Amino acid sequence: MSAASILEFILTLDGLKAVERRTRPSGIARPENSAEHSWHGAICALLLKDYCTFPVDAQHAALLMVVHDIPEIVCGDTFIYDPARDAAHLSEEVALGHLLAKLPSQNATQLRGLWEEFTAGQTPEARYANALDRIMPVLHNLANDGHTWQEYSIKLEQVLARNQCVAEVFPSLWAIIRPRIEAAFPGVHNE
């Protein structure tokens with residue numbers, strides 16, 4: 001393994017720019033791509049740490065956000081409301097193995113470790129990063145009048161259930177966001 005293999009992998013990462021997600025960036029009519037999502041999550045990790053209910057290493061969480069979607073280069077993005085979402089990590093794990101195979105072992109081990117930490121969601125940084133992963137699409141939907149929720153017939157109960165981790169990690173932010181989510185579903189009364 002050599003520097004050439006690292007450079008090749010760096011170009012492989014360009015594949016994230018072609019992976020379309022369901023949500024649209026604020027004020028943009030096209031879907032967000034996974035590279036944009038990962039970058040945005042890393043910035044959010046640095047900006048929102050003071051709103052987290054527990055101490056967190058924001059720089060480490062930013063690394064988790066940068067790495068967490070790399071397998072999507074092979075697998076594509078699985079919509080958060082897709083019933084297959086809970087099992088997607090299995091195909092992502094295989095895809096990650098294929099992608100990292102050309103890297104020197106120390107680099108592959110580091111990236112795999114970050115991905116596994118994010119996926120397990122057990123460390124404070126992983127819990128924080130997972131909540132960030134959820135909050136960004138919510139903000140995009142709110143900025144776009146619930147476009148993705150409407151397009152895919154997502155119900156209020158689904159949004160609230162899938163974003164429970166946001167309420168747990170960022171209760172003060174959730175107090176601002178939840179009423180806006182509920183307002184995006186006119187005529188629905190949440191008990």
# chains A, B, ... in the order shown; residues from 1 in each chain; ligands from 1
$ residues_around --residues "range 6-9 of chain A" --least-positions-apart "2" --cutoff "8 Å" --atoms "only C-alpha atoms" --output "short mmCIF file (atom, residue, chain, number, x, y, z; two decimals) with all heavy atoms, in the first residue's frame"
data_model
loop_
_atom_site.label_atom_id
_atom_site.label_comp_id
_atom_site.auth_asym_id
_atom_site.auth_seq_id
_atom_site.Cartn_x
_atom_site.Cartn_y
_atom_site.Cartn_z
N SER A 2 0.45 2.24 -0.72
CA SER A 2 1.28 3.42 -0.87
C SER A 2 0.43 4.68 -0.86
O SER A 2 -0.80 4.62 -0.78
CB SER A 2 2.04 3.34 -2.19
OG SER A 2 1.11 3.39 -3.26
N ALA A 3 1.12 5.78 -0.99
CA ALA A 3 0.42 7.05 -1.10
C ALA A 3 -0.53 7.06 -2.29
O ALA A 3 -1.59 7.68 -2.25
CB ALA A 3 1.43 8.19 -1.22
N ALA A 4 -0.17 6.33 -3.34
CA ALA A 4 -1.03 6.27 -4.53
C ALA A 4 -2.40 5.67 -4.17
O ALA A 4 -3.43 6.11 -4.69
CB ALA A 4 -0.35 5.45 -5.62
N LEU A 11 -10.09 10.14 -4.36
CA LEU A 11 -10.94 10.35 -5.54
C LEU A 11 -12.21 9.49 -5.47
O LEU A 11 -13.26 9.91 -5.93
CB LEU A 11 -10.16 10.06 -6.82
CG LEU A 11 -9.15 11.13 -7.21
CD1 LEU A 11 -8.37 10.70 -8.45
CD2 LEU A 11 -9.84 12.47 -7.44
N THR A 12 -12.11 8.31 -4.90
CA THR A 12 -13.29 7.46 -4.73
C THR A 12 -14.34 8.18 -3.88
O THR A 12 -15.54 8.05 -4.12
CB THR A 12 -12.90 6.13 -4.07
OG1 THR A 12 -11.99 5.45 -4.93
CG2 THR A 12 -14.11 5.25 -3.82
N LEU A 13 -13.88 8.95 -2.89
CA LEU A 13 -14.80 9.69 -2.04
C LEU A 13 -15.65 10.68 -2.81
O LEU A 13 -16.73 11.08 -2.34
CB LEU A 13 -14.04 10.40 -0.91
CG LEU A 13 -13.39 9.49 0.12
CD1 LEU A 13 -12.57 10.33 1.10
CD2 LEU A 13 -14.42 8.65 0.85
N LEU A 99 -14.64 -0.63 0.08
CA LEU A 99 -14.06 0.69 -0.17
C LEU A 99 -12.72 0.86 0.55
O LEU A 99 -11.79 1.47 0.01
CB LEU A 99 -15.02 1.79 0.28
CG LEU A 99 -16.27 1.95 -0.58
CD1 LEU A 99 -17.31 2.80 0.14
CD2 LEU A 99 -15.92 2.57 -1.92
N LEU A 100 -12.61 0.32 1.76
CA LEU A 100 -11.40 0.51 2.55
C LEU A 100 -10.30 -0.49 2.21
O LEU A 100 -9.15 -0.31 2.64
CB LEU A 100 -11.72 0.40 4.05
CG LEU A 100 -12.70 1.43 4.61
CD1 LEU A 100 -12.92 1.19 6.10
CD2 LEU A 100 -12.24 2.85 4.34
N LYS A 102 -8.45 -1.02 -0.25
CA LYS A 102 -7.28 -0.51 -0.97
C LYS A 102 -6.43 0.44 -0.13
O LYS A 102 -5.37 0.86 -0.57
CB LYS A 102 -7.72 0.18 -2.25
CG LYS A 102 -8.38 -0.76 -3.23
CD LYS A 102 -8.81 -0.04 -4.47
CE LYS A 102 -9.53 -1.00 -5.40
NZ LYS A 102 -10.04 -0.35 -6.60
N LEU A 103 -6.90 0.78 1.06
CA LEU A 103 -6.16 1.70 1.92
C LEU A 103 -5.12 0.97 2.75
O LEU A 103 -5.31 -0.21 3.08
CB LEU A 103 -7.11 2.42 2.87
CG LEU A 103 -7.89 3.61 2.33
CD1 LEU A 103 -8.83 4.14 3.41
CD2 LEU A 103 -6.96 4.72 1.87
N PRO A 104 -4.06 1.65 3.17
CA PRO A 104 -3.16 1.06 4.16
C PRO A 104 -3.97 0.71 5.42
O PRO A 104 -4.94 1.40 5.76
CB PRO A 104 -2.16 2.18 4.44
CG PRO A 104 -2.18 3.03 3.21
CD PRO A 104 -3.60 2.97 2.71
#
$ residues_around --residues "His98 in chain A" --least-positions-apart "5" --cutoff "10 Å" --atoms "only C-alpha atoms" --output "PyMOL selection string"
chain A and resi 71+74+92-93
$ closest_atom_pairs --of "range 23-55 of chain A" --to "range 122-128 of chain A" --cutoff "8 Å" --atoms "only C-alpha atoms" --output "JSON lines"
{"residue": "A:Ala45", "atom": "CA", "partner": "A:Tyr128", "partner_atom": "CA", "distance": 7.9}
{"residue": "A:Cys52", "atom": "CA", "partner": "A:Tyr128", "partner_atom": "CA", "distance": 7.3}
{"residue": "A:Phe54", "atom": "CA", "partner": "A:Pro124", "partner_atom": "CA", "distance": 7.4}
{"residue": "A:Pro55", "atom": "CA", "partner": "A:Pro124", "partner_atom": "CA", "distance": 7.5}
$ write_last_selection --atoms "C-alpha atoms" --output "short mmCIF file (atom, residue, chain, number, x, y, z; two decimals), in the first residue's frame"
data_model
loop_
_atom_site.label_atom_id
_atom_site.label_comp_id
_atom_site.auth_asym_id
_atom_site.auth_seq_id
_atom_site.Cartn_x
_atom_site.Cartn_y
_atom_site.Cartn_z
CA ALA A 45 -21.11 19.33 15.29
CA CYS A 52 -26.14 19.12 23.96
CA PHE A 54 -23.96 16.07 28.02
CA PRO A 55 -20.29 16.94 27.48
#
$ closest_atom_pairs --of "range 126-178 of chain A" --to "range 82-88 of chain A" --cutoff "12 Å" --atoms "only C-alpha atoms" --output "tab-separated table"
residue	atom	partner	partner_atom	distance
A:Tyr152	CA	A:Asp82	CA	10.0
A:Ser153	CA	A:Asp82	CA	11.6
A:Ile154	CA	A:Asp82	CA	10.1
A:Gln158	CA	A:Asp82	CA	10.6
A:Arg162	CA	A:Asp82	CA	10.9
$ write_last_selection --atoms "all heavy atoms" --output "PDB file, in the first residue's frame"
ATOM      1  N   TYR A 152     -43.364  12.128   0.089  1.00  0.00           N
ATOM      2  CA  TYR A 152     -43.330  10.706   0.427  1.00  0.00           C
ATOM      3  C   TYR A 152     -44.418  10.306   1.425  1.00  0.00           C
ATOM      4  O   TYR A 152     -44.352   9.224   2.008  1.00  0.00           O
ATOM      5  CB  TYR A 152     -41.937  10.335   0.953  1.00  0.00           C
ATOM      6  CG  TYR A 152     -40.884  10.453  -0.130  1.00  0.00           C
ATOM      7  CD1 TYR A 152     -40.142  11.617  -0.264  1.00  0.00           C
ATOM      8  CD2 TYR A 152     -40.680   9.412  -1.037  1.00  0.00           C
ATOM      9  CE1 TYR A 152     -39.195  11.741  -1.270  1.00  0.00           C
ATOM     10  CE2 TYR A 152     -39.733   9.530  -2.044  1.00  0.00           C
ATOM     11  CZ  TYR A 152     -38.999  10.703  -2.154  1.00  0.00           C
ATOM     12  OH  TYR A 152     -38.062  10.819  -3.160  1.00  0.00           O
ATOM     13  N   SER A 153     -45.414  11.173   1.607  1.00  0.00           N
ATOM     14  CA  SER A 153     -46.567  10.892   2.490  1.00  0.00           C
ATOM     15  C   SER A 153     -46.134  10.480   3.900  1.00  0.00           C
ATOM     16  O   SER A 153     -46.659   9.520   4.466  1.00  0.00           O
ATOM     17  CB  SER A 153     -47.472   9.828   1.869  1.00  0.00           C
ATOM     18  OG  SER A 153     -47.933  10.244   0.611  1.00  0.00           O
ATOM     19  N   ILE A 154     -45.188  11.200   4.431  1.00  0.00           N
ATOM     20  CA  ILE A 154     -44.707  10.932   5.788  1.00  0.00           C
ATOM     21  C   ILE A 154     -45.678  11.575   6.771  1.00  0.00           C
ATOM     22  O   ILE A 154     -46.121  12.700   6.573  1.00  0.00           O
ATOM     23  CB  ILE A 154     -43.270  11.481   5.975  1.00  0.00           C
ATOM     24  CG1 ILE A 154     -42.322  10.895   4.929  1.00  0.00           C
ATOM     25  CG2 ILE A 154     -42.779  11.239   7.391  1.00  0.00           C
ATOM     26  CD1 ILE A 154     -42.239   9.382   4.913  1.00  0.00           C
ATOM     27  N   GLN A 158     -44.465   9.637  12.395  1.00  0.00           N
ATOM     28  CA  GLN A 158     -43.194   9.101  11.904  1.00  0.00           C
ATOM     29  C   GLN A 158     -42.062  10.087  12.163  1.00  0.00           C
ATOM     30  O   GLN A 158     -40.971   9.694  12.589  1.00  0.00           O
ATOM     31  CB  GLN A 158     -43.284   8.811  10.402  1.00  0.00           C
ATOM     32  CG  GLN A 158     -44.185   7.666  10.026  1.00  0.00           C
ATOM     33  CD  GLN A 158     -44.313   7.571   8.514  1.00  0.00           C
ATOM     34  OE1 GLN A 158     -45.079   8.311   7.911  1.00  0.00           O
ATOM     35  NE2 GLN A 158     -43.539   6.672   7.916  1.00  0.00           N
ATOM     36  N   ARG A 162     -38.962   9.151  14.633  1.00  0.00           N
ATOM     37  CA  ARG A 162     -37.608   9.036  14.078  1.00  0.00           C
ATOM     38  C   ARG A 162     -36.646  10.081  14.621  1.00  0.00           C
ATOM     39  O   ARG A 162     -35.439   9.929  14.526  1.00  0.00           O
ATOM     40  CB  ARG A 162     -37.635   9.137  12.551  1.00  0.00           C
ATOM     41  CG  ARG A 162     -37.973   7.866  11.853  1.00  0.00           C
ATOM     42  CD  ARG A 162     -36.892   6.852  12.094  1.00  0.00           C
ATOM     43  NE  ARG A 162     -37.097   5.682  11.257  1.00  0.00           N
ATOM     44  CZ  ARG A 162     -36.342   4.627  11.294  1.00  0.00           C
ATOM     45  NH1 ARG A 162     -35.317   4.576  12.110  1.00  0.00           N
ATOM     46  NH2 ARG A 162     -36.584   3.605  10.512  1.00  0.00           N
TER      47      ARG A 162
END
$ residues_around --residues "range 109-114 of chain A" --least-positions-apart "3" --cutoff "7 Å" --atoms "only C-alpha atoms" --output "list in words"
Leu64, Val67, Ser105, Gln106, Glu117 and Phe118 of chain A
$ write_last_selection --atoms "N, CA, C and O atoms" --output "PDB file, in the first residue's frame"
ATOM      1  N   LEU A  64     -16.900  11.906  12.968  1.00  0.00           N
ATOM      2  CA  LEU A  64     -17.935  10.881  12.787  1.00  0.00           C
ATOM      3  C   LEU A  64     -18.890  11.283  11.663  1.00  0.00           C
ATOM      4  O   LEU A  64     -19.278  10.449  10.841  1.00  0.00           O
ATOM      5  N   VAL A  67     -17.363  10.811   8.171  1.00  0.00           N
ATOM      6  CA  VAL A  67     -17.144   9.422   7.765  1.00  0.00           C
ATOM      7  C   VAL A  67     -18.437   8.613   7.637  1.00  0.00           C
ATOM      8  O   VAL A  67     -18.506   7.662   6.854  1.00  0.00           O
ATOM      9  N   SER A 105      -3.594  -0.350   6.089  1.00  0.00           N
ATOM     10  CA  SER A 105      -4.403  -0.872   7.193  1.00  0.00           C
ATOM     11  C   SER A 105      -4.648   0.158   8.295  1.00  0.00           C
ATOM     12  O   SER A 105      -5.732   0.205   8.861  1.00  0.00           O
ATOM     13  N   GLN A 106      -3.650   0.983   8.602  1.00  0.00           N
ATOM     14  CA  GLN A 106      -3.862   1.969   9.667  1.00  0.00           C
ATOM     15  C   GLN A 106      -4.948   2.966   9.293  1.00  0.00           C
ATOM     16  O   GLN A 106      -5.765   3.361  10.134  1.00  0.00           O
ATOM     17  N   GLU A 117     -18.244   3.380  15.341  1.00  0.00           N
ATOM     18  CA  GLU A 117     -18.654   4.170  16.507  1.00  0.00           C
ATOM     19  C   GLU A 117     -19.948   4.915  16.220  1.00  0.00           C
ATOM     20  O   GLU A 117     -20.886   4.898  17.030  1.00  0.00           O
ATOM     21  N   PHE A 118     -20.025   5.565  15.066  1.00  0.00           N
ATOM     22  CA  PHE A 118     -21.243   6.286  14.697  1.00  0.00           C
ATOM     23  C   PHE A 118     -22.430   5.325  14.631  1.00  0.00           C
ATOM     24  O   PHE A 118     -23.497   5.595  15.186  1.00  0.00           O
TER      25      PHE A 118
END
$ atom_distance --atom1 "CA of Gly121 in chain A" --atom2 "CA of Thr148 in chain A"
25.6 Å
$ closest_atom_pairs --of "range 105-170 of chain A" --to "range 20-36 of chain A" --cutoff "10 Å" --atoms "only C-alpha atoms" --output "tab-separated table"
residue	atom	partner	partner_atom	distance
A:Met136	CA	A:Thr23	CA	9.4
A:Pro137	CA	A:Thr23	CA	6.2
A:Val138	CA	A:Thr23	CA	8.8
A:Leu139	CA	A:Ser26	CA	8.2
A:His140	CA	A:Ser26	CA	5.6
A:Asn141	CA	A:Thr23	CA	6.8
A:Leu142	CA	A:Ser26	CA	8.8
A:Ala143	CA	A:Ser26	CA	5.6
A:Asn144	CA	A:Ser26	CA	6.4
A:Gly146	CA	A:Thr23	CA	9.4
A:His147	CA	A:Thr23	CA	7.8
A:Thr148	CA	A:Thr23	CA	5.7
A:Trp149	CA	A:Thr23	CA	8.9
A:Glu151	CA	A:Arg22	CA	9.4
A:Tyr152	CA	A:Arg22	CA	9.2
$ write_last_selection --atoms "N, CA and C atoms" --output "compact mmCIF listing (two decimals), in the first residue's frame"
# COMPACT_ATOMS: atom_id res chain seq x y z
N MET A 136 -30.69 17.77 10.77
CA MET A 136 -30.48 18.51 9.52
C MET A 136 -31.61 18.29 8.51
N PRO A 137 -32.05 17.05 8.25
CA PRO A 137 -33.17 16.87 7.32
C PRO A 137 -34.46 17.51 7.83
N VAL A 138 -34.64 17.53 9.15
CA VAL A 138 -35.81 18.20 9.71
C VAL A 138 -35.75 19.68 9.38
N LEU A 139 -34.59 20.30 9.59
CA LEU A 139 -34.44 21.72 9.28
C LEU A 139 -34.66 21.99 7.80
N HIS A 140 -34.17 21.09 6.95
CA HIS A 140 -34.40 21.26 5.51
C HIS A 140 -35.88 21.17 5.18
N ASN A 141 -36.57 20.21 5.78
CA ASN A 141 -38.01 20.09 5.53
C ASN A 141 -38.76 21.33 6.01
N LEU A 142 -38.39 21.82 7.18
CA LEU A 142 -39.05 23.02 7.69
C LEU A 142 -38.79 24.22 6.78
N ALA A 143 -37.58 24.33 6.26
CA ALA A 143 -37.24 25.44 5.36
C ALA A 143 -37.94 25.33 4.01
N ASN A 144 -38.34 24.11 3.66
CA ASN A 144 -38.96 23.86 2.35
C ASN A 144 -40.43 23.46 2.49
N GLY A 146 -42.02 21.44 4.34
CA GLY A 146 -42.30 20.01 4.48
C GLY A 146 -42.30 19.25 3.17
N HIS A 147 -41.57 19.75 2.19
CA HIS A 147 -41.58 19.17 0.85
C HIS A 147 -41.39 17.66 0.83
N THR A 148 -40.32 17.18 1.45
CA THR A 148 -40.03 15.74 1.41
C THR A 148 -41.08 14.95 2.17
N TRP A 149 -41.51 15.46 3.31
CA TRP A 149 -42.56 14.77 4.07
C TRP A 149 -43.82 14.63 3.22
N GLU A 151 -44.03 14.84 -0.18
CA GLU A 151 -43.76 14.04 -1.38
C GLU A 151 -43.83 12.54 -1.10
N TYR A 152 -43.36 12.13 0.09
CA TYR A 152 -43.33 10.71 0.43
C TYR A 152 -44.42 10.31 1.42
$ atom_distance --atom1 "CA of His68 in chain A" --atom2 "CA of Tyr81 in chain A"
18.0 Å
$ residues_around --residues "Ile135 in chain A" --least-positions-apart "2" --cutoff "10 Å" --atoms "only C-alpha atoms" --output "VMD selection string"
chain A and resid 41 44 129 to 133 137 to 141 163 165 to 167 170 173 to 174 177
